[in-house]
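Participant: This is start.cif (mmCIF, C-alpha atoms).
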```
data_input
#
loop_
_atom_site.group_PDB
_atom_site.id
_atom_site.type_symbol
_atom_site.label_atom_id
_atom_site.label_comp_id
_atom_site.auth_asym_id
_atom_site.auth_seq_id
_atom_site.Cartn_x
_atom_site.Cartn_y
_atom_site.Cartn_z
ATOM 1 C CA ASP A 1 104.406 85.963 188.597
ATOM 2 C CA LEU A 2 103.832 82.208 188.316
ATOM 3 C CA LYS A 3 106.574 81.899 185.671
ATOM 4 C CA ASN A 4 109.165 83.115 188.186
ATOM 5 C CA PRO A 5 111.331 80.100 189.228
ATOM 6 C CA GLU A 6 110.850 80.865 192.931
ATOM 7 C CA ALA A 7 107.072 81.081 192.514
ATOM 8 C CA LYS A 8 107.113 77.851 190.493
ATOM 9 C CA ASP A 9 108.919 76.054 193.338
ATOM 10 C CA ILE A 10 106.243 77.262 195.759
ATOM 11 C CA MET A 11 103.460 76.160 193.389
ATOM 12 C CA ILE A 12 104.998 72.696 193.042
ATOM 13 C CA LYS A 13 105.130 72.370 196.856
ATOM 14 C CA LEU A 14 101.473 73.425 197.013
ATOM 15 C CA LEU A 15 100.476 71.010 194.234
ATOM 16 C CA LYS A 16 102.089 68.100 196.083
ATOM 17 C CA TRP A 17 100.059 68.973 199.173
ATOM 18 C CA ALA A 18 96.770 70.239 197.712
ATOM 19 C CA ASP A 19 93.527 68.385 197.141
ATOM 20 C CA VAL A 20 92.099 70.884 194.633
ATOM 21 C CA ILE A 21 93.402 73.582 192.322
ATOM 22 C CA CYS A 22 90.747 76.034 191.124
ATOM 23 C CA ASN A 23 90.871 78.633 188.420
ATOM 24 C CA ASN A 24 88.375 81.084 187.070
ATOM 25 C CA PHE A 25 90.473 82.274 184.136
ATOM 26 C CA ARG A 26 89.475 82.205 180.518
ATOM 27 C CA PRO A 27 90.454 78.886 178.879
ATOM 28 C CA GLY A 28 94.146 78.486 178.084
ATOM 29 C CA ILE A 29 95.497 80.927 180.677
ATOM 30 C CA MET A 30 96.619 78.230 183.120
ATOM 31 C CA ASP A 31 98.320 76.407 180.234
ATOM 32 C CA LYS A 32 100.165 79.614 179.283
ATOM 33 C CA LEU A 33 101.281 80.016 182.898
ATOM 34 C CA GLY A 34 102.665 76.471 182.817
ATOM 35 C CA TYR A 35 99.995 74.887 185.023
ATOM 36 C CA SER A 36 97.998 72.700 182.673
ATOM 37 C CA TYR A 37 96.039 69.737 183.993
ATOM 38 C CA GLU A 38 98.722 67.431 182.579
ATOM 39 C CA PHE A 39 101.480 69.280 184.463
ATOM 40 C CA CYS A 40 99.549 69.525 187.744
ATOM 41 C CA SER A 41 98.457 65.889 187.681
ATOM 42 C CA SER A 42 102.034 64.788 186.935
ATOM 43 C CA ILE A 43 103.006 66.423 190.249
ATOM 44 C CA ASN A 44 99.951 65.087 192.114
ATOM 45 C CA PRO A 45 97.902 62.373 190.364
ATOM 46 C CA LYS A 46 95.135 62.761 192.968
ATOM 47 C CA ILE A 47 94.638 66.485 192.303
ATOM 48 C CA ILE A 48 91.182 67.767 191.425
ATOM 49 C CA TYR A 49 91.820 70.380 188.721
ATOM 50 C CA ALA A 50 88.751 72.596 188.627
ATOM 51 C CA SER A 51 88.235 75.194 185.899
ATOM 52 C CA ASN A 52 85.327 77.593 185.637
ATOM 53 C CA SER A 53 84.875 79.928 182.686
ATOM 54 C CA GLY A 54 82.111 82.039 181.269
ATOM 55 C CA PHE A 55 81.560 80.185 177.994
ATOM 56 C CA GLY A 56 83.304 76.823 178.383
ATOM 57 C CA GLU A 57 86.614 75.407 177.196
ATOM 58 C CA ASP A 58 86.114 75.551 173.435
ATOM 59 C CA GLY A 59 83.884 77.054 170.828
ATOM 60 C CA GLU A 60 83.411 80.464 169.289
ATOM 61 C CA TRP A 61 82.842 82.283 172.603
ATOM 62 C CA SER A 62 85.272 80.340 174.825
ATOM 63 C CA GLY A 63 87.929 83.069 174.974
ATOM 64 C CA LYS A 64 85.517 85.840 175.855
ATOM 65 C CA PRO A 65 85.282 87.128 179.415
ATOM 66 C CA ALA A 66 81.993 86.936 181.260
ATOM 67 C CA PHE A 67 80.427 88.315 184.402
ATOM 68 C CA ASP A 68 77.020 88.243 186.034
ATOM 69 C CA GLY A 69 75.279 90.708 183.706
ATOM 70 C CA VAL A 70 76.457 88.827 180.615
ATOM 71 C CA ALA A 71 75.251 85.516 182.067
ATOM 72 C CA GLN A 72 71.868 87.031 182.958
ATOM 73 C CA ALA A 73 71.489 88.262 179.386
ATOM 74 C CA PHE A 74 72.577 85.005 177.736
ATOM 75 C CA THR A 75 70.390 82.808 179.918
ATOM 76 C CA GLY A 76 67.220 84.879 179.521
ATOM 77 C CA VAL A 77 67.090 85.987 183.152
ATOM 78 C CA LEU A 78 66.950 89.660 182.073
ATOM 79 C CA THR A 79 63.849 88.947 180.003
ATOM 80 C CA GLN A 80 62.112 86.904 182.674
ATOM 81 C CA ALA A 81 62.915 89.375 185.462
ATOM 82 C CA GLY A 82 61.542 92.091 183.159
ATOM 83 C CA TYR A 83 58.188 90.258 182.813
ATOM 84 C CA GLY A 84 58.732 88.718 179.394
ATOM 85 C CA PRO A 85 59.888 89.619 175.881
ATOM 86 C CA SER A 86 57.463 92.535 175.448
ATOM 87 C CA SER A 87 58.828 94.297 178.561
ATOM 88 C CA ARG A 88 62.118 96.056 179.214
ATOM 89 C CA PRO A 89 64.895 93.670 180.367
ATOM 90 C CA GLN A 90 65.443 93.896 184.107
ATOM 91 C CA PRO A 91 68.545 92.547 185.882
ATOM 92 C CA VAL A 92 68.155 90.590 189.088
ATOM 93 C CA ASP A 93 69.330 92.835 191.930
ATOM 94 C CA PHE A 94 72.012 90.496 193.264
ATOM 95 C CA ALA A 95 74.769 88.576 191.479
ATOM 96 C CA PHE A 96 72.343 85.755 190.658
ATOM 97 C CA SER A 97 74.382 84.128 187.888
ATOM 98 C CA ASP A 98 77.626 84.420 189.831
ATOM 99 C CA GLU A 99 76.043 82.678 192.808
ATOM 100 C CA ILE A 100 74.528 79.881 190.714
ATOM 101 C CA GLY A 101 77.821 79.418 188.855
ATOM 102 C CA ALA A 102 79.787 79.313 192.109
ATOM 103 C CA SER A 103 77.355 76.777 193.570
ATOM 104 C CA ASN A 104 77.679 74.529 190.511
ATOM 105 C CA PHE A 105 81.474 74.889 190.625
ATOM 106 C CA ALA A 106 81.632 74.002 194.336
ATOM 107 C CA PHE A 107 79.221 71.080 193.953
ATOM 108 C CA SER A 108 81.285 69.715 191.038
ATOM 109 C CA ILE A 109 84.406 69.876 193.207
ATOM 110 C CA VAL A 110 82.651 68.055 196.060
ATOM 111 C CA ASN A 111 81.520 65.348 193.611
ATOM 112 C CA ALA A 112 85.059 64.987 192.260
ATOM 113 C CA LEU A 113 86.420 64.659 195.818
ATOM 114 C CA TYR A 114 83.821 62.010 196.554
ATOM 115 C CA ALA A 115 84.747 60.109 193.373
ATOM 116 C CA ARG A 116 88.423 60.328 194.341
ATOM 117 C CA GLU A 117 87.579 58.890 197.752
ATOM 118 C CA LYS A 118 86.007 55.904 195.977
ATOM 119 C CA ASN A 119 88.532 55.350 193.148
ATOM 120 C CA GLY A 120 91.735 57.066 194.355
ATOM 121 C CA LYS A 121 92.052 59.146 191.170
ATOM 122 C CA GLY A 122 92.094 62.863 190.560
ATOM 123 C CA GLN A 123 90.333 64.462 187.631
ATOM 124 C CA LYS A 124 89.797 67.602 185.638
ATOM 125 C CA ILE A 125 86.397 69.223 185.933
ATOM 126 C CA LEU A 126 85.061 72.032 183.762
ATOM 127 C CA THR A 127 82.127 74.277 184.529
ATOM 128 C CA SER A 128 80.880 77.464 182.921
#
```
Please render this file's structure as C-alpha cells.
Facilitator:
Amino acid sequence: DLKNPEAKDIMIKLLKWADVICNNFRPGIMDKLGYSYEFCSSINPKIIYASNSGFGEDGEWSGKPAFDGVAQAFTGVLTQAGYGPSSRPQPVDFAFSDEIGASNFAFSIVNALYAREKNGKGQKILTS
C-alpha cells in the first residue's frame, strides 16, 4: 500500500536514489497514489518519470485498460495477419503489440537518460 506512511518513506528513499521510475498503470493512478511527476521530481529533479498506457494520457479512451489483443485489433494487425479485410481476423501468435510497446517504452527511457546526461535534467515521458 503506497499510501501507508512506512511505504511512503521507503518510496522517498528510492526516489532520491533512482534514475527512472516506470509505471504501466492507466493514467491518473500514480497521481491518486501520491506519486505524480511533480511530487517525484520535487524529491529528485533528475528523475526520468516514464509512463506507459494503452491509449495515452488524455482523450476519450485514456482511462480504458488495454492488452495485446486490444492493441492488435486497434492497429489493424488482426486484419493484416488474417490476409486483409475480406478474411477472418487472425491474431499474431506471440504478444506482438506488448513487445513493440515495451521496446518503444525502453527506447524512450534510454533517450531520456541520454538527454539527462547532456543537460542534467530529468523529464516525464509518455508512451502508449
Participant: Using all atoms listed in the file, can you tell me which of A:Ala66, A:Ala71, A:Ile29, A:Ile12 comes closest to Ile100 (chain A)?
Facilitator: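 Under the stated criterion, the closest residue is A:Ala71.
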Participant: In the coordinates of the file, take the point (85.0, 66.3, 183.3) and a cut-off of 10 Å; then, counting all atoms listed in the file, name each qualifying protein, DNA or RNA residue as a list in words.
Facilitator: Tyr49, Ala50, Ser51, Ser108, Ala112, Gln123, Lys124, Ile125, Leu126 and Thr127 of chain A
Participant: I'd like the residues picked by the PyMOL selection byres ((chain A and resi 63) around 7) written out as a PyMOL selection string, using the chain letters and numbers from the file.
Facilitator: chain A and resi 26-27+61-62+64-65
Participant: For Asp98 (chain A), find every residue with an atom within 10 Å (counting all atoms listed in the file), except residues of its own chain fewer than 2 positions away, and show them as number ranges by chain.
Facilitator: A: 54, 66-69, 71-72, 94-96, 100-104
Participant: For this file, the PyMOL selection byres ((chain A and resi 122) around 12) selects which residues, as a PyMOL selection string?
Facilitator: chain A and resi 18-21+37-38+40-50+109+111-121+123-125
Participant: CA of Phe55 (chain A) to CA of Lys3 (chain A): how many Å, to one decimal?
Facilitator: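 Interatomic distance here is 26.2 Å.
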Participant: I need the residue nearest Gln90 (chain A) from this list: A:Ala73, A:Ala106, A:Lys16, A:Phe39. Use all atoms listed in the file for the distance.
Facilitator: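 Smallest distance to Gln90 (chain A) is found for A:Ala73.
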Participant: Using Å and a single decimal, report how far CA of Ser97 (chain A) sits from CA of Met30 (chain A).
Facilitator: 23.5 Å
Participant: Between CA of Ser36 (chain A) and CA of Val70 (chain A), what is the spacing in Å?
Facilitator: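 Result for CA of Val70 (chain A) versus CA of Ser36 (chain A): 27.0 Å, one decimal.
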Participant: Which of these, A:Asn4, A:Phe107, A:Asp93, A:Ser128, has the shortest distance to Asn24 (chain A) once you count all atoms listed in the file?
Facilitator: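 Under the stated criterion, the closest residue is A:Ser128.
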Participant: So which residues touch Leu78 (chain A) within 9 Å, counting all atoms listed in the file, skipping near sequence neighbours fewer than 2 positions away, as a JSON list (two decimals) with C-alpha atoms, in the frame of the given file?
Facilitator:
```
[["chain", "number", "residue", "atom", "x", "y", "z"],
["A", 69, "GLY", "CA", 75.28, 90.71, 183.71],
["A", 72, "GLN", "CA", 71.87, 87.03, 182.96],
["A", 73, "ALA", "CA", 71.49, 88.26, 179.39],
["A", 74, "PHE", "CA", 72.58, 85.00, 177.74],
["A", 75, "THR", "CA", 70.39, 82.81, 179.92],
["A", 76, "GLY", "CA", 67.22, 84.88, 179.52],
["A", 80, "GLN", "CA", 62.11, 86.90, 182.67],
["A", 81, "ALA", "CA", 62.92, 89.38, 185.46],
["A", 82, "GLY", "CA", 61.54, 92.09, 183.16],
["A", 83, "TYR", "CA", 58.19, 90.26, 182.81],
["A", 84, "GLY", "CA", 58.73, 88.72, 179.39],
["A", 88, "ARG", "CA", 62.12, 96.06, 179.21],
["A", 89, "PRO", "CA", 64.90, 93.67, 180.37],
["A", 90, "GLN", "CA", 65.44, 93.90, 184.11],
["A", 91, "PRO", "CA", 68.54, 92.55, 185.88],
["A", 92, "VAL", "CA", 68.16, 90.59, 189.09]]
```
